[in-house]
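Engineer: The structure is given below, and queries will be raised subsequently.
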Amino acid sequence: MSSLQQREAAGGPQRELAVGASAHRRSKAQLLRALWISKSGRAGLILVSLVVLGALVSVAGLSPHNPQAQSTSQVLKGPSLNHLLGTDQFGRDIFSLILEAMGVSLEIACIATLIAGVLGTLGGIAAGYLGGFASTVILRAADVIFAIPAILLALAIVAALGPGIMNSALAIGIGYIPIFVRVVRAPVLSLRSADFVGAARVLGFSRSRVLLHHILPNVYGVVAVQVSLALAWGILAEASLSFLGLGPPPPTASLGEMVYSATSLSGIAWWTLAGPSAAIVLAVLGFNLLGDGFRDATDPRTRRS
Amino acid sequence: MILGTDQLSKVYRGRGGRPPVHALSGVSIALEAGSTLGIVGESGCGKSTLARLLAGLESPTAGSISLAGATLDSHTSPPSRERARLIQLVFQDPHSSLNPRLTVEQAIGEVLRVHALVERRRVHDRVAELLEMVALPERFVTRHPHELSGGQAQRVAIARALAAQPQILVLDEPTSALDVSVRAEIMNLLVRLQDELQLGYVFISHDLAMVRHISDEIVVMYLGKIVEQGPYQRVLDAPLHPYTRALAAAVPVADPDLAGQPPARLPAAQAAASTGAAEAGCQYEPRCPLAEAICRQSEPVLRCLDGSHAAACHVAAGPARLTGTRGG
Ligand SMILES: Nc1ncnc2c1ncn2[C@@H]1O[C@H](COP(=O)(O)OP(=O)(O)OP(=O)(O)O)[C@@H](O)[C@H]1O
Ligand code: SF4
Ligand SMILES: [Mg+2]
């Protein structure tokens, strides 16, 4: 499956939440419980926790080995108790490298999601709430970005800006903006004419109060879903960029780059490919499942009471 | 007169290449302080459009609204705080009119805080007081809309409207989304509140039986226009317009005079609102059992036929008929 298909499957507007559908107000504890009740939510929470925990272990310097320590005596050793996922062609511990690379991956995906989430959500709110000319301009701009395959857009941006963590994040984030715009605009648009919003206006509440206190809180659910899906796409896109040699330059560890190096070795050392590939799959799957879980948890139609 | 409209019109742009919809055409009404104006008409005749215009949710295409003596410019629509203190709107579907994420106390308290109606620490007490006015116990303050029945939610919506201490409530079919068993309770509540607070009501319903109990004046609308208006006894006991008679016939009546008449059956609903002023003649003509040649040629205008009792019909009453014919 191409990255674009993946992205569209993950975040196409057709899958957005029934609006304002919205979720009765629930505390964070209740939301977590609803997330836990949904099968995909629970699986997603577990996977994402594992992935994040692993990255934190590495950041805290608690990995089983120094990920960058090379050793001529340990070149291309298979999985063992000492090296859980084996070693690479420089004798580095693959498990520790994966943990480090996961941290970088998450960092890039988070920054990308922040960029896409903030800009896209603001754009979606403006397009939905203001309507008219502003809406047309924003939607056209989003369409233009959306028309370019996201991974090509990311490639072009990194090629133009040069490699690096921030540049990768920017390249990946920009492509995801239109999805936030669409997914946020639809509920804002329909909430704008909801009776309770009309009631708030008749009660003399200011425009900003109506927007901030009555419309936006009913949109958080769709944003939460989209943030999870954007993180999944971010990790995948980052891996693709670094697979193509456009990731952050060495010595920054990177999952995509590990997969690339492993492709030439997989005939003699399958574990060099298995470890990083599995890490990518687990992380992407985890965030996608978490997104589905948020959807279940905030959609009254699928919620169990 | 605390609320009045003058030749109020609203035209919606047609969606997807369809012709514009004249949801409201030249509607003039007047509401006296503390009294009730009943608005009746079938689905799509523009009742909710009138309600939204009165509340300021939309601006009229033409005409004006006067509120407490001040004429509101037809193109300033955003409901201001001052307007909120004068006029409030109660919606048909109580659940959709309450923010799903706010508790009863948050929803009502917000009104009190925004308008600075009570001191901050008195908000809870005032909310409880308002709930008591609509006969809900204080423990409801922590409930969310989904924890309320339809009747309870409508009471909360009424309490929230009353929190702004308005002089007028526009009630857009406030009972039609409710179980039949609680409709009477809500009607009794509204009657009691009107007595206690001297509220003026614009009470909208598609059901003549519903407005007869509460209205002082009745306005009957058909396809965005007023076809009959007058004091409630006159409109109910001696309806002039064939459409009103059809509506009245759909209601069981005790009046032997009326009961003796052949029942004017309401022909199959032709729900669409007027799509244009192009066609000449009476809009009711296709359904009218009394239609005559004149009805297809000229449109009847609203005329006082009996004191303050007016109807828009060529055939409705003798003397006016001549004027109508000549005018056409
Ligand atoms: N925003 C809008 N855009 C276009 N047409 C509209 C709009 N709002 C209402 N209309 C049309 O105006 C006409 C009057 O609508 P309105 O909601 O006022 O009727 P109503 O008398 O309240 O009917 P009901 O009893 O079904 O509530 C209808 O034909 C409706 O389709
Ligand atoms: S004017 Fe003619 S068609 Fe219209 S209501 Fe009167 S009798 Fe019927
Ligand atoms: Mg209506």
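A note on labels: chains of the structure tokens are A, B, ... as shown, every chain counts residues from 1, and ligands are counted from 1 in their shown order.
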Residues within 7 Å of range 235-248 of chain B, please, as a PyMOL selection string. Count only C-alpha atoms; anything in the same chain fewer than 4 positions from it doesn't count.
Structural biologist: chain B and resi 208+218+220+227-231+264-266+288+311+313+316
Engineer: Using only all heavy atoms, please write the residues we just selected to a file, as a compact mmCIF listing (two decimals), in the first residue's frame.
Structural biologist:
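The result, stored in selection.txt:
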```txt
# COMPACT_ATOMS: atom_id res chain seq x y z
N LEU B 208 -53.96 24.03 15.76
CA LEU B 208 -54.85 25.07 16.26
C LEU B 208 -55.32 24.77 17.68
O LEU B 208 -55.48 25.66 18.51
CB LEU B 208 -56.06 25.19 15.31
CG LEU B 208 -56.89 26.46 15.37
CD1 LEU B 208 -56.02 27.68 15.17
CD2 LEU B 208 -57.98 26.42 14.30
N ILE B 218 -54.69 35.35 17.48
CA ILE B 218 -54.19 34.24 16.66
C ILE B 218 -53.88 34.75 15.25
O ILE B 218 -54.63 35.54 14.68
CB ILE B 218 -55.21 33.09 16.60
CG1 ILE B 218 -55.31 32.42 17.98
CG2 ILE B 218 -54.80 32.04 15.55
CD1 ILE B 218 -56.28 31.27 18.05
N VAL B 220 -52.94 33.16 11.52
CA VAL B 220 -52.86 31.92 10.73
C VAL B 220 -52.01 32.21 9.50
O VAL B 220 -52.25 33.18 8.78
CB VAL B 220 -54.27 31.45 10.31
CG1 VAL B 220 -54.16 30.15 9.51
CG2 VAL B 220 -55.16 31.28 11.52
N VAL B 227 -52.90 34.63 6.46
CA VAL B 227 -54.17 34.55 5.76
C VAL B 227 -55.33 34.97 6.67
O VAL B 227 -56.40 35.30 6.18
CB VAL B 227 -54.44 33.14 5.18
CG1 VAL B 227 -53.43 32.82 4.09
CG2 VAL B 227 -54.41 32.08 6.26
N GLU B 228 -55.10 34.92 7.98
CA GLU B 228 -56.16 35.37 8.88
C GLU B 228 -55.54 35.77 10.19
O GLU B 228 -54.58 35.15 10.65
CB GLU B 228 -57.18 34.24 9.11
CG GLU B 228 -58.31 34.63 10.07
CD GLU B 228 -59.56 33.77 9.90
OE1 GLU B 228 -59.55 32.86 9.05
OE2 GLU B 228 -60.54 34.02 10.63
N GLN B 229 -56.08 36.81 10.82
CA GLN B 229 -55.61 37.14 12.16
C GLN B 229 -56.72 37.85 12.91
O GLN B 229 -57.58 38.49 12.31
CB GLN B 229 -54.31 37.94 12.12
CG GLN B 229 -54.41 39.43 11.89
CD GLN B 229 -53.03 40.03 11.64
OE1 GLN B 229 -52.76 40.55 10.58
NE2 GLN B 229 -52.15 39.96 12.61
N GLY B 230 -56.70 37.68 14.21
CA GLY B 230 -57.72 38.33 15.01
C GLY B 230 -57.73 37.80 16.42
O GLY B 230 -56.93 36.93 16.77
N PRO B 231 -58.67 38.32 17.25
CA PRO B 231 -58.80 37.83 18.62
C PRO B 231 -59.13 36.35 18.60
O PRO B 231 -59.82 35.89 17.69
CB PRO B 231 -59.98 38.64 19.18
CG PRO B 231 -60.18 39.77 18.25
CD PRO B 231 -59.67 39.36 16.92
N ALA B 264 -64.85 20.86 6.17
CA ALA B 264 -63.94 21.27 5.12
C ALA B 264 -62.67 20.47 5.27
O ALA B 264 -61.83 20.77 6.09
CB ALA B 264 -63.65 22.77 5.22
N ARG B 265 -62.59 19.42 4.49
CA ARG B 265 -61.42 18.54 4.63
C ARG B 265 -60.20 19.23 4.05
O ARG B 265 -60.27 19.95 3.06
CB ARG B 265 -61.68 17.23 3.88
CG ARG B 265 -62.77 16.39 4.51
CD ARG B 265 -62.23 15.62 5.69
NE ARG B 265 -61.16 14.72 5.28
CZ ARG B 265 -61.37 13.56 4.69
NH1 ARG B 265 -62.59 13.19 4.44
NH2 ARG B 265 -60.37 12.80 4.34
N LEU B 266 -59.09 19.02 4.72
CA LEU B 266 -57.83 19.60 4.27
C LEU B 266 -57.27 18.73 3.16
O LEU B 266 -56.92 17.59 3.38
CB LEU B 266 -56.86 19.62 5.46
CG LEU B 266 -55.77 20.65 5.49
CD1 LEU B 266 -56.36 22.05 5.42
CD2 LEU B 266 -54.94 20.48 6.74
N CYS B 288 -58.54 25.09 -2.36
CA CYS B 288 -59.69 25.76 -1.76
C CYS B 288 -61.03 25.25 -2.30
O CYS B 288 -61.25 25.23 -3.51
CB CYS B 288 -59.59 27.26 -2.00
SG CYS B 288 -60.88 28.16 -1.14
N ALA B 311 -58.86 38.81 7.25
CA ALA B 311 -58.55 37.62 6.47
C ALA B 311 -58.17 38.03 5.06
O ALA B 311 -58.53 39.11 4.60
CB ALA B 311 -59.76 36.68 6.43
N CYS B 313 -58.99 36.79 1.76
CA CYS B 313 -59.78 35.88 0.93
C CYS B 313 -60.85 36.67 0.20
O CYS B 313 -61.51 37.52 0.77
CB CYS B 313 -60.44 34.82 1.82
SG CYS B 313 -61.59 33.76 0.93
N ALA B 316 -64.42 35.25 1.47
CA ALA B 316 -64.69 35.12 2.91
C ALA B 316 -65.87 35.94 3.41
O ALA B 316 -66.70 35.44 4.14
CB ALA B 316 -63.45 35.48 3.71
```
Engineer: Counting only C-alpha atoms, which residues of chain A fall within 7 Å of chain B, and what is the closest atom pair for each with its distance in Å at one decimal, ordered by chain and rising number, as CSV?
Structural biologist:
```
residue,atom,partner,partner_atom,distance
A:His24,CA,B:Arg101,CA,5.2
A:Arg25,CA,B:Arg101,CA,4.2
A:Asp195,CA,B:Ser97,CA,4.6
A:Phe196,CA,B:Ser97,CA,4.0
A:Gly198,CA,B:Leu57,CA,6.8
A:Ala199,CA,B:Ser97,CA,6.4
A:Arg201,CA,B:Pro79,CA,6.4
A:Val202,CA,B:Pro79,CA,5.7
A:Leu203,CA,B:Ala84,CA,5.1
A:Gly204,CA,B:Arg81,CA,4.4
A:His214,CA,B:Asn99,CA,6.8
```
Engineer: List all protein, DNA and RNA residues that have at least one atom no more than 9 Å from any atom of ligand 2, counting only C-alpha atoms and all ligand atoms, and write them as a ChimeraX atom specification.
Structural biologist: /B:227,240-243,281-296,298-301,311-316
Engineer: If you count only C-alpha atoms, which residues fall within 8 Å of range 289-297 of chain A, apart from same-chain ones fewer than 3 positions away, as an mmCIF file with C-alpha atoms, in the first residue's frame?
Structural biologist:
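The file below, result.cif, is the result:
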```cif
data_model
loop_
_atom_site.group_PDB
_atom_site.id
_atom_site.type_symbol
_atom_site.label_atom_id
_atom_site.label_comp_id
_atom_site.auth_asym_id
_atom_site.auth_seq_id
_atom_site.Cartn_x
_atom_site.Cartn_y
_atom_site.Cartn_z
ATOM 1 C CA LEU A 17 -17.018 11.599 13.185
ATOM 2 C CA LEU A 31 -12.720 8.966 28.284
ATOM 3 C CA ALA A 34 -14.398 4.359 27.098
ATOM 4 C CA LEU A 35 -11.112 3.999 25.219
ATOM 5 C CA SER A 38 -13.235 -0.358 22.782
ATOM 6 C CA LYS A 39 -11.082 -3.236 21.487
ATOM 7 C CA SER A 40 -9.012 -1.131 19.137
ATOM 8 C CA GLY A 41 -8.659 1.566 21.773
ATOM 9 C CA ARG A 42 -7.232 -0.903 24.234
ATOM 10 C CA ALA A 43 -4.832 -2.477 21.713
ATOM 11 C CA GLY A 44 -3.796 0.989 20.549
ATOM 12 C CA LEU A 45 -3.203 2.237 24.087
ATOM 13 C CA VAL A 48 1.487 3.202 21.909
ATOM 14 C CA GLY A 221 -13.284 14.323 19.601
ATOM 15 C CA VAL A 222 -12.578 14.512 15.867
ATOM 16 C CA ALA A 224 -8.193 13.587 18.964
ATOM 17 C CA VAL A 225 -8.936 10.928 16.356
ATOM 18 C CA GLN A 226 -7.045 12.856 13.725
ATOM 19 C CA VAL A 227 -4.047 13.498 15.963
ATOM 20 C CA SER A 228 -3.604 9.746 16.446
ATOM 21 C CA LEU A 229 -3.924 9.082 12.749
ATOM 22 C CA LEU A 285 -0.582 0.147 13.940
ATOM 23 C CA GLY A 286 -0.667 1.365 17.536
ATOM 24 C CA PRO A 300 -22.411 7.962 20.549
ATOM 25 C CA THR A 302 -20.820 2.986 18.783
ATOM 26 C CA ARG A 303 -20.582 3.773 22.458
#
```
Engineer: List all protein, DNA and RNA residues that have at least one atom no more than 7 Å from any atom of ligand 1, counting only C-alpha atoms and all ligand atoms, and write them as a PyMOL selection string.
Structural biologist: chain B and resi 12-15+21-23+41-50+206+272-273
Engineer: For His213 in chain A, which residue among B:Gln106, B:Thr36, B:Thr71, B:Gln7 is the nearest when counting only C-alpha atoms?
Structural biologist: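 Selected residue with least distance to His213 in chain A: B:Gln106.
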Engineer: Using only C-alpha atoms, which residues sit within 10 Å of Met102 in chain A once same-chain residues fewer than 5 positions away are excluded, as a PyMOL selection string?
Structural biologist: chain A and resi 51-52+54-56+58+96-97+107-108+235+253-255+276+279-280+283
Engineer: Print the selection's residues with N, CA, C and O atoms to a file, as an mmCIF file, in the first residue's frame.
Structural biologist:
```cif
data_model
loop_
_atom_site.group_PDB
_atom_site.id
_atom_site.type_symbol
_atom_site.label_atom_id
_atom_site.label_comp_id
_atom_site.auth_asym_id
_atom_site.auth_seq_id
_atom_site.Cartn_x
_atom_site.Cartn_y
_atom_site.Cartn_z
ATOM 1 N N VAL A 51 5.616 1.686 22.743
ATOM 2 C CA VAL A 51 6.481 2.450 21.850
ATOM 3 C C VAL A 51 7.053 3.677 22.560
ATOM 4 O O VAL A 51 8.253 3.955 22.520
ATOM 5 N N VAL A 52 6.166 4.396 23.262
ATOM 6 C CA VAL A 52 6.614 5.612 23.943
ATOM 7 C C VAL A 52 7.575 5.258 25.081
ATOM 8 O O VAL A 52 8.607 5.911 25.279
ATOM 9 N N GLY A 54 9.542 2.697 25.269
ATOM 10 C CA GLY A 54 10.828 2.332 24.688
ATOM 11 C C GLY A 54 11.650 3.564 24.352
ATOM 12 O O GLY A 54 12.838 3.652 24.681
ATOM 13 N N ALA A 55 11.002 4.541 23.725
ATOM 14 C CA ALA A 55 11.711 5.756 23.345
ATOM 15 C C ALA A 55 12.228 6.474 24.588
ATOM 16 O O ALA A 55 13.357 6.977 24.609
ATOM 17 N N LEU A 56 11.404 6.496 25.649
ATOM 18 C CA LEU A 56 11.816 7.180 26.883
ATOM 19 C C LEU A 56 13.005 6.468 27.523
ATOM 20 O O LEU A 56 13.929 7.124 28.024
ATOM 21 N N SER A 58 15.321 4.910 26.034
ATOM 22 C CA SER A 58 16.514 5.286 25.298
ATOM 23 C C SER A 58 16.958 6.705 25.639
ATOM 24 O O SER A 58 18.133 6.972 25.862
ATOM 25 N N SER A 96 18.728 -1.608 20.886
ATOM 26 C CA SER A 96 18.995 -0.267 21.421
ATOM 27 C C SER A 96 18.903 0.788 20.327
ATOM 28 O O SER A 96 18.406 1.900 20.549
ATOM 29 N N LEU A 97 19.358 0.426 19.141
ATOM 30 C CA LEU A 97 19.262 1.361 18.011
ATOM 31 C C LEU A 97 17.793 1.666 17.697
ATOM 32 O O LEU A 97 17.428 2.815 17.421
ATOM 33 N N GLU A 107 9.591 12.092 17.759
ATOM 34 C CA GLU A 107 9.818 13.534 17.831
ATOM 35 C C GLU A 107 9.360 14.197 16.531
ATOM 36 O O GLU A 107 8.610 15.180 16.539
ATOM 37 N N ILE A 108 9.818 13.609 15.419
ATOM 38 C CA ILE A 108 9.443 14.174 14.113
ATOM 39 C C ILE A 108 7.928 14.089 13.909
ATOM 40 O O ILE A 108 7.280 15.057 13.504
ATOM 41 N N ILE A 235 4.981 8.801 11.458
ATOM 42 C CA ILE A 235 6.014 7.776 11.657
ATOM 43 C C ILE A 235 6.310 7.060 10.336
ATOM 44 O O ILE A 235 7.463 6.855 9.956
ATOM 45 N N ALA A 253 19.872 8.284 14.592
ATOM 46 C CA ALA A 253 19.328 6.974 14.250
ATOM 47 C C ALA A 253 17.985 7.150 13.564
ATOM 48 O O ALA A 253 17.259 8.102 13.851
ATOM 49 N N SER A 254 17.665 6.248 12.671
ATOM 50 C CA SER A 254 16.410 6.375 11.943
ATOM 51 C C SER A 254 15.941 5.007 11.476
ATOM 52 O O SER A 254 16.719 4.205 10.963
ATOM 53 N N LEU A 255 14.667 4.742 11.682
ATOM 54 C CA LEU A 255 14.116 3.427 11.345
ATOM 55 C C LEU A 255 14.196 3.156 9.847
ATOM 56 O O LEU A 255 14.573 2.072 9.413
ATOM 57 N N PRO A 276 13.748 -3.457 12.771
ATOM 58 C CA PRO A 276 13.210 -2.122 12.469
ATOM 59 C C PRO A 276 11.858 -2.167 11.742
ATOM 60 O O PRO A 276 10.996 -1.323 11.997
ATOM 61 N N ALA A 279 9.239 -2.715 14.242
ATOM 62 C CA ALA A 279 9.056 -1.524 15.070
ATOM 63 C C ALA A 279 8.154 -0.520 14.358
ATOM 64 O O ALA A 279 7.235 0.058 14.958
ATOM 65 N N ILE A 280 8.395 -0.332 13.053
ATOM 66 C CA ILE A 280 7.561 0.611 12.286
ATOM 67 C C ILE A 280 6.113 0.142 12.282
ATOM 68 O O ILE A 280 5.187 0.902 12.568
ATOM 69 N N ALA A 283 4.392 0.613 15.696
ATOM 70 C CA ALA A 283 4.107 2.006 16.039
ATOM 71 C C ALA A 283 2.944 2.544 15.197
ATOM 72 O O ALA A 283 2.006 3.157 15.723
#
```
Engineer: May I have all residues of range 2-168 of chain A that DSSP, computed from the backbone, assigns to helix (DSSP H, G or I), given as a PyMOL selection string?
Structural biologist: chain A and resi 3-11+13-15+28-37+39-59+72-74+94-130+132-147+150-161+165-168
Engineer: Would you please work out which residue, of B:Ala128, B:Leu199, B:Ala51, B:Val123, is nearest to ligand 3 when using only C-alpha atoms and all ligand atoms?
Structural biologist: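 Looking at the shortest contact to ligand 3, the residue is B:Ala51.
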Engineer: Going by DSSP on the backbone, which bits of range 114-275 of chain B are strand (DSSP E or B)? Write them as number ranges by chain, please.
Structural biologist: B: 168-172, 200-205, 217-222, 225-231
